[in-house]
Every structure is written in structure tokens, then in C-alpha cells.
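Colleague: My structure file run.csv, CSV, C-alpha atoms, is below:
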chain,number,residue,atom,x,y,z
K,1,MET,CA,67.3,143.7,99.0
K,2,ALA,CA,66.1,140.3,97.7
K,3,GLN,CA,69.1,138.5,99.1
K,4,ALA,CA,68.7,140.1,102.5
K,5,THR,CA,65.0,139.1,102.6
K,6,THR,CA,65.9,135.5,101.6
K,7,ASP,CA,68.6,135.2,104.3
K,8,ALA,CA,66.3,136.7,106.9
K,9,ALA,CA,63.7,134.1,106.0
K,10,GLU,CA,66.3,131.3,106.2
K,11,ILE,CA,67.2,132.5,109.7
K,12,GLY,CA,63.5,132.4,110.6
K,13,ARG,CA,63.4,128.8,109.6
K,14,ASP,CA,66.4,127.8,111.8
K,15,ASP,CA,65.7,125.1,114.4
K,16,GLU,CA,64.9,126.5,117.8
K,17,ALA,CA,67.7,124.4,119.2
K,18,ASP,CA,70.2,126.5,117.3
K,19,ARG,CA,68.8,129.7,118.9
K,20,LYS,CA,69.0,128.0,122.3
K,21,VAL,CA,72.7,127.2,121.7
K,22,VAL,CA,73.4,130.8,120.7
K,23,GLU,CA,71.5,132.3,123.7
K,24,GLU,CA,73.3,130.0,126.1
K,25,GLU,CA,76.7,131.0,124.7
K,26,GLN,CA,75.7,134.7,124.9
K,27,ALA,CA,74.8,134.2,128.6
K,28,GLU,CA,78.2,132.6,129.2
K,29,LEU,CA,80.0,135.5,127.4
K,30,LYS,CA,78.0,138.1,129.4
K,31,LYS,CA,79.6,136.7,132.5
K,32,PHE,CA,83.0,136.9,130.9
K,33,ILE,CA,82.5,140.5,129.7
K,34,LYS,CA,81.4,141.5,133.3
K,35,GLY,CA,84.9,140.5,134.4
K,36,LEU,CA,86.6,142.9,131.9
K,37,SER,CA,87.6,146.5,132.7
K,38,ALA,CA,87.1,149.5,130.4
K,39,ASP,CA,90.9,149.5,129.9
K,40,ASP,CA,90.8,145.8,128.9
K,41,ILE,CA,88.3,146.7,126.1
K,42,LYS,CA,90.1,149.9,124.9
K,43,SER,CA,93.6,148.3,125.0
K,44,GLY,CA,92.6,145.1,123.3
K,45,ASN,CA,93.6,143.0,126.3
K,46,TRP,CA,90.0,141.5,126.2
K,47,PHE,CA,91.2,139.3,123.4
K,48,THR,CA,94.1,137.9,125.4
K,49,LYS,CA,91.6,136.8,128.1
K,50,LEU,CA,89.0,135.6,125.6
K,51,ALA,CA,91.6,133.3,123.8
K,52,ALA,CA,92.2,131.5,127.1
K,53,HIS,CA,88.5,131.5,127.9
K,54,ALA,CA,87.5,130.2,124.5
K,55,MET,CA,90.2,127.5,123.9
K,56,ASN,CA,91.5,126.0,127.1
K,57,SER,CA,88.5,123.7,128.0
K,58,TYR,CA,87.4,123.5,124.4
K,59,THR,CA,90.6,121.9,123.1
K,60,GLU,CA,90.5,119.3,126.0
K,61,LYS,CA,87.1,118.1,124.7
K,62,VAL,CA,87.4,118.5,121.0
K,63,ASP,CA,89.8,116.2,119.2
K,64,TRP,CA,89.8,113.8,116.3
K,65,GLN,CA,88.0,111.1,118.4
K,66,TYR,CA,85.3,113.7,119.2
K,67,PHE,CA,84.5,114.1,115.5
K,68,GLN,CA,84.8,110.4,114.8
K,69,GLU,CA,82.1,109.6,117.3
K,70,ARG,CA,79.8,111.9,115.5
K,71,TYR,CA,80.8,111.5,111.8
K,72,GLU,CA,82.4,108.1,111.6
K,73,GLY,CA,83.5,107.2,108.1
K,74,VAL,CA,82.7,110.6,106.7
K,75,PRO,CA,85.6,112.3,104.7
K,76,PRO,CA,86.9,115.5,106.3
K,77,ASP,CA,85.8,117.8,103.5
K,78,ALA,CA,82.1,116.9,104.1
K,79,ILE,CA,82.4,117.5,107.8
K,80,VAL,CA,84.3,120.8,107.4
K,81,ASP,CA,81.6,122.1,105.0
K,82,GLN,CA,78.9,121.3,107.6
K,83,ARG,CA,80.9,122.9,110.5
K,84,ILE,CA,81.3,126.1,108.4
K,85,LYS,CA,77.6,126.3,107.6
K,86,MET,CA,76.7,125.7,111.2
K,87,ALA,CA,79.0,128.4,112.5
K,88,ALA,CA,77.7,130.8,109.9
K,89,ARG,CA,74.2,130.0,111.0
K,90,TYR,CA,75.0,130.6,114.6
K,91,ALA,CA,76.8,133.9,113.7
K,92,ALA,CA,73.7,135.1,111.8
K,93,LEU,CA,71.4,134.2,114.7
K,94,GLU,CA,73.6,136.0,117.1
K,95,GLY,CA,73.8,139.0,114.8
K,96,GLY,CA,70.0,139.3,114.9
K,97,LEU,CA,69.9,139.0,118.7
K,98,SER,CA,72.6,141.6,119.2
K,99,ALA,CA,71.7,144.1,116.4
K,100,GLY,CA,70.1,146.5,118.9
K,101,ALA,CA,73.5,147.2,120.5
K,102,TYR,CA,74.8,149.0,117.4
K,103,THR,CA,74.3,152.7,117.6
K,104,ALA,CA,76.5,155.7,117.1
K,105,THR,CA,76.3,156.4,120.8
K,106,VAL,CA,78.1,153.1,121.5
K,107,ALA,CA,80.8,153.9,119.0
K,108,ALA,CA,81.4,157.2,120.7
K,109,THR,CA,81.4,155.6,124.1
K,110,ILE,CA,84.1,153.1,123.1
K,111,GLY,CA,86.4,156.0,122.1
K,112,SER,CA,86.1,157.5,125.6
K,113,LEU,CA,86.6,154.4,127.6
K,114,GLY,CA,89.2,154.5,130.3
K,115,GLY,CA,89.9,153.2,133.8
K,116,ALA,CA,90.5,149.7,135.3
K,117,SER,CA,87.2,149.1,137.1
K,118,PRO,CA,84.7,146.8,135.5
K,119,ALA,CA,82.0,149.0,136.7
K,120,THR,CA,83.1,151.8,134.4
K,121,VAL,CA,82.1,149.7,131.3
K,122,PRO,CA,78.8,151.1,130.1
K,123,ALA,CA,76.0,148.6,129.6
K,124,ALA,CA,75.6,149.4,125.9
K,125,VAL,CA,79.3,148.7,125.3
K,126,ALA,CA,79.1,145.5,127.3
K,127,THR,CA,76.2,144.3,125.2
K,128,MET,CA,78.2,145.1,122.0
K,129,MET,CA,81.2,143.3,123.4
K,130,VAL,CA,79.2,140.2,123.7
K,131,ASP,CA,78.7,140.2,119.9
K,132,VAL,CA,82.4,140.9,119.3
K,133,ALA,CA,83.4,138.2,121.7
K,134,PHE,CA,80.8,135.7,120.3
K,135,ILE,CA,82.0,136.1,116.7
K,136,SER,CA,85.7,136.0,117.8
K,137,GLN,CA,85.2,132.9,119.9
K,138,LEU,CA,83.1,131.2,117.2
K,139,GLN,CA,85.8,131.8,114.5
K,140,LEU,CA,88.6,130.7,116.7
K,141,ARG,CA,86.9,127.5,117.5
K,142,LEU,CA,85.8,126.9,113.9
K,143,ALA,CA,89.4,127.3,112.7
K,144,TYR,CA,90.5,124.9,115.4
K,145,ASP,CA,87.8,122.4,114.4
K,146,ILE,CA,89.0,122.5,110.8
K,147,SER,CA,92.6,121.9,111.8
K,148,VAL,CA,91.5,118.9,113.9
K,149,LEU,CA,89.4,117.5,111.0
K,150,TYR,CA,92.3,117.7,108.6
K,151,ARG,CA,94.6,116.3,111.2
K,152,VAL,CA,96.9,119.3,111.3
K,153,PRO,CA,98.4,119.2,114.8
K,154,LEU,CA,98.0,122.4,116.8
K,155,ASP,CA,98.8,123.0,120.4
K,156,VAL,CA,97.0,126.1,121.6
K,157,HIS,CA,99.4,126.3,124.6
K,158,ASP,CA,102.3,126.7,122.3
K,159,PRO,CA,102.7,130.4,121.4
K,160,GLU,CA,103.6,129.7,117.8
K,161,ASP,CA,100.7,127.4,117.2
K,162,LEU,CA,98.3,129.8,118.9
K,163,TRP,CA,99.5,132.7,116.7
K,164,LYS,CA,99.0,130.5,113.7
K,165,LEU,CA,95.5,129.7,114.7
K,166,ILE,CA,94.7,133.4,115.3
K,167,ARG,CA,96.1,134.4,111.9
K,168,VAL,CA,94.1,131.7,110.1
K,169,ALA,CA,90.8,132.4,112.1
K,170,PHE,CA,90.9,136.1,111.5
K,171,THR,CA,92.6,136.2,108.0
K,172,ILE,CA,95.4,138.4,109.4
K,173,LYS,CA,97.9,139.2,106.7
K,174,SER,CA,95.5,137.6,104.2
K,175,GLY,CA,93.2,140.4,103.5
K,176,GLU,CA,94.0,140.4,99.8
K,177,ALA,CA,92.8,136.8,99.6
K,178,ALA,CA,89.6,137.6,101.4
K,179,ASN,CA,89.0,140.7,99.3
K,180,LYS,CA,89.7,139.4,95.8
K,181,THR,CA,89.0,135.7,95.9
K,182,VAL,CA,86.7,134.5,98.6
K,183,VAL,CA,84.5,137.6,98.6
K,184,LYS,CA,83.2,136.6,95.2
K,185,ALA,CA,81.3,133.8,96.9
K,186,VAL,CA,79.1,136.2,98.8
K,187,PRO,CA,76.1,138.0,97.3
K,188,ALA,CA,76.8,141.2,95.5
K,189,LEU,CA,74.7,143.2,98.0
K,190,VAL,CA,77.0,142.3,100.8
K,191,ARG,CA,80.4,142.5,99.1
K,192,PRO,CA,81.0,146.2,99.7
K,193,LEU,CA,80.3,145.7,103.4
K,194,VAL,CA,82.4,142.6,103.7
K,195,LYS,CA,85.3,144.2,101.8
K,196,ARG,CA,85.2,147.2,104.2
K,197,PHE,CA,85.2,144.8,107.1
K,198,TYR,CA,88.4,143.2,105.9
K,199,SER,CA,90.1,146.3,104.7
K,200,GLY,CA,91.4,147.6,108.1
K,201,SER,CA,95.1,147.9,108.7
K,202,ALA,CA,96.7,144.5,108.7
K,203,ILE,CA,98.6,143.4,111.8
K,204,THR,CA,102.2,143.4,110.7
K,205,ALA,CA,104.1,143.9,113.9
K,206,GLY,CA,104.4,142.0,117.1
K,207,ARG,CA,102.5,138.9,118.3
K,208,ALA,CA,100.9,140.6,121.2
K,209,LEU,CA,97.3,139.5,121.6
K,210,PRO,CA,96.1,142.9,122.6
K,211,VAL,CA,97.0,144.2,119.2
K,212,VAL,CA,94.7,141.5,117.7
K,213,GLY,CA,92.0,142.6,120.2
K,214,LYS,CA,92.2,146.2,118.9
K,215,HIS,CA,92.1,145.0,115.3
K,216,LEU,CA,89.0,142.9,115.9
K,217,LEU,CA,87.2,145.7,117.7
K,218,GLN,CA,87.9,148.1,114.9
K,219,ARG,CA,86.6,145.6,112.4
K,220,ASN,CA,83.3,145.1,114.3
K,221,VAL,CA,82.8,148.9,114.9
K,222,ILE,CA,81.9,149.0,111.2
K,223,LYS,CA,78.5,147.7,112.2
K,224,ILE,CA,78.0,150.7,114.3
K,225,GLY,CA,79.1,153.2,111.6
K,226,ILE,CA,76.4,152.3,109.1
K,227,PRO,CA,73.2,154.3,109.5
K,228,LEU,CA,70.0,152.3,110.0
K,229,VAL,CA,72.0,149.1,110.4
K,230,GLY,CA,69.0,147.0,111.5
K,231,VAL,CA,68.7,143.3,112.1
K,232,PRO,CA,68.9,142.1,108.5
K,233,LEU,CA,72.3,143.8,107.9
K,234,ALA,CA,73.8,142.5,111.2
K,235,VAL,CA,72.6,139.0,110.3
K,236,LEU,CA,74.2,139.3,106.8
K,237,LEU,CA,77.5,140.7,108.0
K,238,ASN,CA,77.9,138.1,110.8
K,239,ARG,CA,77.0,135.3,108.5
K,240,TYR,CA,79.2,136.1,105.6
K,241,THR,CA,82.3,137.2,107.5
K,242,THR,CA,82.1,133.9,109.5
K,243,LEU,CA,81.6,132.0,106.2
K,244,LEU,CA,84.7,133.7,104.7
K,245,ALA,CA,86.7,133.0,107.8
K,246,GLY,CA,85.7,129.3,107.7
K,247,ARG,CA,86.5,129.0,104.0
K,248,HIS,CA,89.9,130.6,104.6
K,249,ALA,CA,90.7,128.2,107.4
K,250,GLN,CA,89.6,125.3,105.2
K,251,ALA,CA,91.9,126.5,102.4
K,252,VAL,CA,94.9,126.9,104.8
K,253,PHE,CA,94.5,123.6,106.8
K,254,ARG,CA,93.4,121.5,103.8
K,255,ASN,CA,96.6,122.6,102.0
K,256,GLU,CA,98.7,121.7,105.0
K,257,ALA,CA,97.0,118.4,105.3
K,258,ARG,CA,97.8,117.8,101.6
K,259,ILE,CA,101.5,118.5,102.4
K,260,ILE,CA,101.5,116.3,105.4
K,261,GLU,CA,99.9,113.5,103.4
K,262,LEU,CA,102.6,113.9,100.7
K,263,ALA,CA,105.4,113.8,103.3
K,264,GLU,CA,103.8,110.7,104.9
K,265,ASN,CA,103.8,108.9,101.5
K,266,LEU,CA,107.3,109.9,100.6
K,267,SER,CA,108.7,108.8,103.9
K,268,LYS,CA,106.9,105.4,103.9
K,269,ARG,CA,107.8,104.6,100.3
K,270,SER,CA,111.4,105.7,100.6
K,271,ARG,CA,114.2,103.0,100.5
K,272,HIS,CA,116.8,105.8,101.0
K,273,PRO,CA,115.3,108.1,103.6
K,274,GLN,CA,118.4,110.0,104.5
K,275,LEU,CA,119.4,110.5,100.8
K,276,MET,CA,115.8,111.6,100.1
K,277,LEU,CA,116.1,114.5,102.6
K,278,TRP,CA,119.3,115.8,100.9
K,279,VAL,CA,117.8,115.6,97.5
K,280,ALA,CA,114.6,117.2,98.7
K,281,TRP,CA,116.5,120.1,100.2
K,282,LEU,CA,118.6,120.5,97.0
K,283,VAL,CA,115.5,120.8,94.9
K,284,ILE,CA,113.9,123.3,97.3
K,285,ARG,CA,117.0,125.4,97.4
K,286,ALA,CA,117.4,125.3,93.6
K,287,ASN,CA,115.2,128.4,93.3
K,288,ARG,CA,117.0,130.2,96.2
K,289,LYS,CA,113.7,131.4,97.5
K,290,ILE,CA,111.9,129.0,99.8
K,291,ALA,CA,108.1,128.9,99.4
K,292,ASP,CA,105.9,128.4,102.5
K,293,ASP,CA,104.7,125.1,101.1
K,294,GLU,CA,108.2,123.9,100.5
K,295,ALA,CA,109.3,124.9,104.0
K,296,LEU,CA,106.3,123.1,105.5
K,297,LEU,CA,107.0,120.0,103.4
K,298,MET,CA,110.6,119.9,104.5
K,299,ARG,CA,109.7,120.2,108.2
K,300,HIS,CA,107.2,117.3,108.0
K,301,LEU,CA,109.6,115.2,105.9
K,302,VAL,CA,112.3,115.5,108.5
K,303,ARG,CA,109.9,114.7,111.3
K,304,LEU,CA,108.4,111.7,109.5
K,305,VAL,CA,111.7,110.2,108.4
K,306,ARG,CA,112.8,110.4,112.1
K,307,GLU,CA,109.6,108.7,113.2
K,308,HIS,CA,109.4,106.0,110.5
K,309,HIS,CA,113.1,105.3,109.9
K,310,GLN,CA,114.8,106.6,113.1
K,311,VAL,CA,117.0,108.8,110.8
K,312,ILE,CA,118.4,112.0,112.3
K,313,ASP,CA,120.9,113.8,110.1
K,314,GLU,CA,122.8,116.3,112.2
K,315,GLN,CA,124.9,117.5,109.3
K,316,LEU,CA,121.8,118.5,107.3
K,317,ALA,CA,120.3,120.2,110.4
K,318,ARG,CA,123.4,122.4,110.7
K,319,LEU,CA,123.7,123.1,106.9
K,320,VAL,CA,123.6,126.7,105.8
K,321,ASP,CA,124.5,126.5,102.1
K,322,ILE,CA,123.9,123.2,100.3
K,323,ASP,CA,126.6,122.1,97.8
K,324,PRO,CA,125.1,120.3,94.8
K,325,ASP,CA,128.4,118.3,94.3
K,326,ASP,CA,128.1,116.9,97.8
K,327,VAL,CA,124.6,115.6,96.9
K,328,TRP,CA,125.8,114.2,93.6
K,329,GLN,CA,128.6,112.3,95.5
K,330,ARG,CA,126.0,110.8,97.8
K,331,ILE,CA,123.9,109.8,94.8
K,332,ASP,CA,126.9,108.2,93.0
K,333,ALA,CA,128.0,106.3,96.1
K,334,GLU,CA,124.5,104.7,96.6
K,335,PRO,CA,124.1,101.4,94.8
K,336,GLY,CA,120.9,99.9,93.4
K,337,ASP,CA,117.6,101.3,92.3
K,338,LEU,CA,117.2,105.0,93.1
K,339,SER,CA,113.8,105.5,91.5
K,340,ASP,CA,112.2,106.3,94.8
K,341,VAL,CA,114.6,109.3,95.3
K,342,LEU,CA,113.9,110.5,91.7
K,343,ASP,CA,110.1,110.3,92.3
K,344,ALA,CA,110.5,112.2,95.6
K,345,ALA,CA,112.4,115.0,93.8
K,346,ASP,CA,109.6,115.3,91.2
K,347,ARG,CA,106.9,115.5,94.0
K,348,VAL,CA,108.9,118.0,96.1
K,349,ALA,CA,109.4,120.3,93.1
K,350,ALA,CA,105.7,120.3,92.4
K,351,VAL,CA,104.5,120.9,95.9
K,352,ASP,CA,104.1,124.7,95.4
K,353,GLY,CA,102.8,124.6,91.9
K,354,ASP,CA,104.5,124.4,88.5
K,355,ILE,CA,108.1,123.2,88.4
K,356,ASN,CA,110.5,126.0,87.4
K,357,SER,CA,113.5,125.9,85.2
K,358,ARG,CA,116.1,125.6,88.1
K,359,GLU,CA,114.2,122.7,89.7
K,360,LYS,CA,113.9,121.0,86.3
K,361,ALA,CA,117.7,121.3,85.8
K,362,VAL,CA,118.3,119.7,89.2
K,363,ILE,CA,115.9,116.9,88.4
K,364,SER,CA,117.4,116.3,85.0
K,365,GLU,CA,120.9,116.0,86.5
K,366,LEU,CA,119.5,113.6,89.2
K,367,ARG,CA,117.8,111.5,86.5
K,368,ASP,CA,121.0,111.2,84.5
K,369,ARG,CA,122.9,110.1,87.6
K,370,CYS,CA,120.2,107.6,88.8
K,371,CYS,CA,120.1,106.0,85.4
K,372,ARG,CA,123.9,105.6,85.5
K,373,VAL,CA,123.8,103.7,88.7
With the file now loaded, output its structure as C-alpha cells.
Modeller:
Amino acid sequence: MAQATTDAAEIGRDDEADRKVVEEEQAELKKFIKGLSADDIKSGNWFTKLAAHAMNSYTEKVDWQYFQERYEGVPPDAIVDQRIKMAARYAALEGGLSAGAYTATVAATIGSLGGASPATVPAAVATMMVDVAFISQLQLRLAYDISVLYRVPLDVHDPEDLWKLIRVAFTIKSGEAANKTVVKAVPALVRPLVKRFYSGSAITAGRALPVVGKHLLQRNVIKIGIPLVGVPLAVLLNRYTTLLAGRHAQAVFRNEARIIELAENLSKRSRHPQLMLWVAWLVIRANRKIADDEALLMRHLVRLVREHHQVIDEQLARLVDIDPDDVWQRIDAEPGDLSDVLDAADRVAAVDGDINSREKAVISELRDRCCRV
């Protein structure tokens, strides 16, 4: 228990201002929970309401300028690291304050909830829901902060972007990564608990927010199911699950920022933007399977070429199967230095890792034709 003692001591040394922030947020969430019905909690609809409650006003206030005023000139990696640590600290403090709500009685009460009246929500369940809502809101906002810091555009009013934010914030469909990779960063004492927290059934069907609500509630009930949970364990679980969520969000949005940066550079340097798009798509389709990073790069390339060069290629947009001969004809018809197109092909091929044999064959053919021009 040495690690637990150390973490508890660290929490004890936290500035009183942090505790005040947590207590004020808890008070706000208590008001929110009072407006929920027992059916909201059992069905998972509480999360639909929380997502709107947590993000609407927050995203109006927090943007790139918000962080620039506080961290002007600081690289995003440094700021993200501090935001993750701060969120983990808040989560740990809140875990200590809420630990008393976790009893087997509460777990049994959740299973028997029913009805639409807020008055039917037992006080113990309402107290526990403050913890669940606090951690859920904290991780949603943390993931959003990280996307802003890496300048990955997200519109929480767009259903697709909101779903993306939710997936990242709660590592939905990414349990393997959390279990096998990121979990290694937490102390050995806590690993079994954290793995169990992430090992619930993944959300694989539908984008309905209530499904997410059920999933998150099931995750958090693990705190109730452990005998003699106590304050130290609640502190540890809240801290390390938030830390993992933050690191996961950092990995996802930092990678997307890398791809956006690559697309920016390719577009700005290109002397043949329309041809570059055709070559990029030919390289991506060489392997027949399209990796997520490749699809993301192509999407941003098309957008940035349109913005930087006012190029919109309707034929490419309608294309189903790309014909290499068509691309080679475009290459052969283009006079002058095509080194920018060749460089773009190399970079596109490498975006998702090592260049495979099919991509190498396309680039080799491209190099031969560019040298002939």
C-alpha cells in the first residue's frame, strides 16, 4: 500500500484552491442531478443531458485564444501535460470527497430504480451520481481542451464531432489500448482495478447517448462492488482513470494535429495542387485498405487545397475506383519540375507508418515518370 499512502499524502498537500474548485463544481452538479428522474439514471439518459450541460457554455468560453492568454508562447505538449495533471488532481480530490457514497446498498438501489419523478431518486444514489457526473464532465472537458490546444477543430453541436469527442474522452472502442499500453504507466497496485474499470463491454452499436450513459454508470459501479473501498482507493481510481483518459485524448488529438500539419505543409509547398491530390489518392489506394490516418490526411488535404489554391476537383470527388493509367497520363502531360508531387507521395505513404510494397511500387513508377519529364 506504499503507493496508496504516497498518493493520499500528495492529495493532502494540494492547494486549498483546488479543493474549493472541486466543491463548487460538485455543488453545481448536485443541482443538475436534482433535475434528473430515476428513469433518466437507469436508462442512461442522464448522460444526454449532462453532455449539453457540460459542453454548451464551456465551449463558448474555451477556445485557442483562452489558452493563449494563459500560456502565451508555450508549446501545446507542455500545456496538455499540465491540463491532464490538473484534471487528475481534481478527480482524486473529488474521489476522496465522494467515497462515502459507495456502498453495496447503493448498488442494489440503482438496480431497482424506476419511475419518472425526480423525487423517486434516493439520496444515496443522487450522491453517487454526483461523482459519476463529475468524472464524466471532467473527462469530456479535458478531451475538448486537448483538441483545442492541438488545434483540431471540433464542433460539439455537430453530431459527428460530438460522438468523436465522446469516444476519445471515454476510450470507447479503445479498451485494448487502455488495457495493454497506457495502463503500464499506472502503479502496479492499481492496475488490476483500472483494467477492470476499462474491461466492460465496448459500445459497438448505435450512437445514442443513453447507451454511453449506461456504459459509464456500469464502469463506475465497480467502486461500489469492492469491499472496504475507502477514501484511498476512490482517490486512486479517480486519479488514474482520468490520467489514462487524458493520455488517450492526447495521443488521438496529437496524432490528428500531426496529420493536419503535414497536410498544411504539402498544400502550401505544392506547385501542382490538383495533381498532388490524384497522386495522394493513388498512393493511399495502392494497398486497397484505407488506414484511418490516410483517410484523415486525404480529408484535410482536399480541404486545404481548396482553401489555399481554390482547387475543387469534382471528378476526384465522384471517383469510385482510381485508374493508375489515368494518373500516369496526368503526370506525363504536366511539364516542368514535379519533385513536389514526388515528395508528397513519399510523405503520404509514410503517414500511417512503414511504406509497404504496393506503395513503394507506385512511388517507384512515379519517380521514373517524374525523371522523364
Colleague: Within 12 Å of Ala361 of chain K, counting all atoms listed in the file, which residues show up once you throw out same-chain ones fewer than 3 positions away? Write them as an MDAnalysis selection string, please.
Modeller: chainID K and resid 282:283 286:287 324 345:346 349 355:358 364:368
Colleague: Env of Arg258 of chain K: 10 Å cut, atoms = all atoms listed in the file, seq-sep filter 4 positions within chain, self excluded. Answer as a ChimeraX atom specification.
Modeller: /K:150,152,253-254,262-264,297,351
Colleague: As an exercise, work out the distance from atom CA of Asp39 of chain K to atom CA of Leu217 of chain K in Å and give it to one decimal place.
Modeller: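 For atom CA of Asp39 of chain K relative to atom CA of Leu217 of chain K, the distance reads 13.3 Å.
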Colleague: Which is closer to Gly95 of chain K than all the others in K:Ala17, K:Leu277, K:Leu36, K:Leu236, using only C-alpha atoms?
Modeller: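 With only C-alpha atoms as the atom set, the closest residue is K:Leu236.
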Colleague: Pick out the residues sitting within 10 Å of Ala249 of chain K, and hand them over as a PyMOL selection string; count all atoms listed in the file, and ignore anything fewer than 5 positions along from it in its own chain.
Modeller: chain K and resi 80+84+139-140+142-147+165+167-171+243-244+254-255
Colleague: Please put the answer as JSON: centre and edge lengths, in Å with one decimal, of a box along x, y and z that encloses all listed atoms of segment 319-338 of chain K plus 8 Å on each side.
Modeller:
{"center_x": 122.9, "center_y": 113.3, "center_z": 99.6, "size_x": 27.4, "size_y": 42.8, "size_z": 30.6}
Colleague: State, in Å with one decimal place, the distance from atom CA of Ala38 of chain K to atom CA of Thr241 of chain K.
Modeller: 26.4 Å
Colleague: How many Å separate atom CA of Gln82 of chain K from atom CA of Ala99 of chain K?
Modeller: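 That distance, rounded to one decimal, is 25.5 Å.
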Colleague: Show me the residues around (105.7, 113.2, 112.5) - criterion: an atom at most 12 Å away, all atoms listed in the file counted - as an MDAnalysis selection string.
Modeller: chainID K and resid 151:153 260:261 263:265 267:268 297:310
Colleague: Write out as a PyMOL selection string which residues come within 12 Å of Val279 of chain K when counting only C-alpha atoms, dropping same-chain ones fewer than 5 positions away.
Modeller: chain K and resi 272-274+284-286+298+301+316+322-331+338+340-349+359+362-363+365-367
Colleague: Using only C-alpha atoms for the distances, tell me which of K:Ile166, K:Arg288, K:Val311, K:Gly73 is nearest to Val211 of chain K.
Modeller: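 Between K:Ile166, K:Arg288, K:Val311, K:Gly73, the residue approaching Val211 of chain K most closely is K:Ile166.
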Colleague: Go through K:Leu154, K:Leu93, K:Ala51, K:Ala87 one by one, measure the shortest atom-to-atom distance of each to Trp64 of chain K using only C-alpha atoms, and give the residue with the smallest value.
Modeller: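 Among K:Leu154, K:Leu93, K:Ala51, K:Ala87, it is K:Leu154 that comes nearest to Trp64 of chain K.
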Colleague: Nearest residue to Ala78 of chain K out of K:Gln26, K:Gln250, K:Thr242, K:Ser339, using only C-alpha atoms?
Modeller: K:Gln250
Colleague: Write out as a list of chain:residue names each polymer residue whose atoms come within 6 Å of segment 43-46 of chain K, counting only C-alpha atoms; drop sequence neighbours fewer than 6 positions from it.
Modeller: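 Near segment 43-46 of chain K, the qualifying residues are K:Pro210, K:Gly213, K:Lys214.
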Colleague: Determine the nearest neighbour of Lys42 of chain K from the options K:Leu216, K:Asp81, K:Leu29, K:Ile290, counting all atoms listed in the file.
Modeller: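 Among the listed residues, K:Leu216 lies closest to Lys42 of chain K.
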